[in-house]
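Next up, target_34.txt (compact mmCIF, C-alpha atoms):
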```txt
# COMPACT_ATOMS: atom_id res chain seq x y z
CA MET M 1 -14.79 -24.07 -64.04
CA SER M 2 -12.98 -23.54 -60.75
CA GLN M 3 -14.75 -23.18 -57.46
CA ASN M 4 -14.09 -20.40 -54.97
CA ARG M 5 -13.41 -20.53 -51.24
CA THR M 6 -14.10 -17.98 -48.56
CA VAL M 7 -11.13 -16.83 -46.47
CA THR M 8 -11.31 -14.64 -43.39
CA LEU M 9 -8.54 -12.08 -42.95
CA PRO M 10 -8.04 -9.27 -40.42
CA GLU M 11 -9.59 -6.00 -41.58
CA GLU M 12 -6.38 -4.02 -41.02
CA VAL M 13 -4.43 -6.42 -43.26
CA CYS M 14 -7.02 -6.10 -46.01
CA ALA M 15 -7.05 -2.31 -45.74
CA GLU M 16 -3.27 -2.09 -45.98
CA ALA M 17 -3.22 -4.47 -48.96
CA GLU M 18 -5.88 -2.40 -50.73
CA LYS M 19 -3.80 0.77 -50.17
CA TRP M 20 -0.68 -1.00 -51.38
CA MET M 21 -2.28 -2.28 -54.59
CA ALA M 22 -3.90 1.10 -55.36
CA GLY M 23 -5.20 0.54 -58.88
CA SER M 24 -2.87 -2.32 -59.79
CA PHE M 25 -5.52 -4.99 -59.24
CA GLN M 26 -9.27 -4.96 -59.72
CA ASN M 27 -9.88 -5.96 -56.09
CA LEU M 28 -8.32 -7.68 -53.11
CA GLU M 29 -9.33 -11.13 -54.37
CA ALA M 30 -7.46 -10.52 -57.64
CA LEU M 31 -4.34 -9.49 -55.72
CA LEU M 32 -4.46 -12.54 -53.46
CA THR M 33 -5.11 -14.87 -56.40
CA PHE M 34 -2.09 -13.44 -58.23
CA LEU M 35 0.17 -13.71 -55.18
CA LEU M 36 -0.84 -17.29 -54.40
CA GLN M 37 -0.38 -18.32 -58.05
CA GLU M 38 3.13 -16.84 -58.00
CA ILE M 39 3.98 -18.70 -54.78
CA VAL M 40 2.79 -21.98 -56.28
CA LYS M 41 4.71 -21.31 -59.50
CA ASP M 42 7.91 -20.54 -57.56
CA ASP M 43 7.53 -23.77 -55.57
CA ALA M 44 7.09 -25.74 -58.79
CA ILE M 45 10.28 -24.19 -60.22
CA LYS M 46 12.19 -25.03 -57.03
CA LEU M 47 10.89 -28.59 -57.19
CA ASP M 48 11.99 -28.90 -60.82
CA GLN M 49 15.47 -27.66 -59.88
CA ALA M 50 15.66 -30.12 -56.99
CA GLU M 51 14.59 -32.97 -59.28
CA GLU M 52 17.21 -31.89 -61.81
CA LYS M 53 19.92 -32.09 -59.14
CA ILE M 54 18.78 -35.59 -58.16
CA VAL M 55 18.90 -36.79 -61.77
CA GLU M 56 22.32 -35.18 -62.27
CA GLN M 57 23.64 -36.87 -59.12
CA ARG M 58 22.32 -40.25 -60.28
CA LEU M 59 23.94 -39.79 -63.69
CA LYS M 60 27.26 -38.95 -62.00
CA GLU M 61 26.98 -42.04 -59.80
CA LEU M 62 26.41 -44.15 -62.90
CA GLY M 63 29.42 -42.55 -64.60
CA TYR M 64 27.54 -40.82 -67.40
CA ILE M 65 28.75 -37.36 -66.40
```
For this file, write the structure as structure tokens.
Amino acid sequence: MSQNRTVTLPEEVCAEAEKWMAGSFQNLEALLTFLLQEIVKDDAIKLDQAEEKIVEQRLKELGYI
């Protein structure tokens, strides 16, 4: 089971986010969890692409492609 952390954000930012999500998410925590998960996922994809380029470059240097 995952543990939770407490984060302090400016009230006006929270209010605007709650207006923006209007019914799309159960609460502000759900919105922030979703957004942070997407950021982490995007970073993982970028890392995979960077690793792929490194492997491809090494294969070219070795004459395999």
As AutoDock Vina command-line options, what would the box around range 13-23 of chain M look like: edges along x, y and z, 6 Å added on every side, centre and edge lengths in Å to one decimal?
```
--center_x -3.9 --center_y -2.7 --center_z -51.1 --size_x 18.4 --size_y 19.5 --size_z 27.6
```
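The interatomic distance for the pair CA of Lys53 in chain M and CA of Lys41 in chain M works out to 18.6 Å.
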Next item on the list: Measure the distance from CA of Leu32 in chain M to CA of Ser2 in chain M in Å and round it to one decimal.
Entry: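 Separating CA of Leu32 in chain M from CA of Ser2 in chain M is a distance of 15.7 Å.
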Next item on the list: Name the residues in contact with range 8-12 of chain M at a cut-off of 12 Å, using all atoms listed in the file, excluding same-chain residues fewer than 3 positions from it; report them as a PyMOL selection string.
Entry: chain M and resi 5+15-19+28-29+32
Create the file for the chosen residues now, containing C-alpha atoms and written as a PDB file, in the coordinates of the input.
```pdb
ATOM      1  CA  ARG M   5     -13.410 -20.530 -51.240  1.00  0.00           C
ATOM      2  CA  ALA M  15      -7.050  -2.310 -45.740  1.00  0.00           C
ATOM      3  CA  GLU M  16      -3.270  -2.090 -45.980  1.00  0.00           C
ATOM      4  CA  ALA M  17      -3.220  -4.470 -48.960  1.00  0.00           C
ATOM      5  CA  GLU M  18      -5.880  -2.400 -50.730  1.00  0.00           C
ATOM      6  CA  LYS M  19      -3.800   0.770 -50.170  1.00  0.00           C
ATOM      7  CA  LEU M  28      -8.320  -7.680 -53.110  1.00  0.00           C
ATOM      8  CA  GLU M  29      -9.330 -11.130 -54.370  1.00  0.00           C
ATOM      9  CA  LEU M  32      -4.460 -12.540 -53.460  1.00  0.00           C
TER      10      LEU M  32
END
```
Item checked: Point-to-point distance from CA of Leu35 in chain M to CA of Ile54 in chain M, Å rounded to tenths ->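 CA of Ile54 in chain M lies at a distance of 28.9 Å from CA of Leu35 in chain M.
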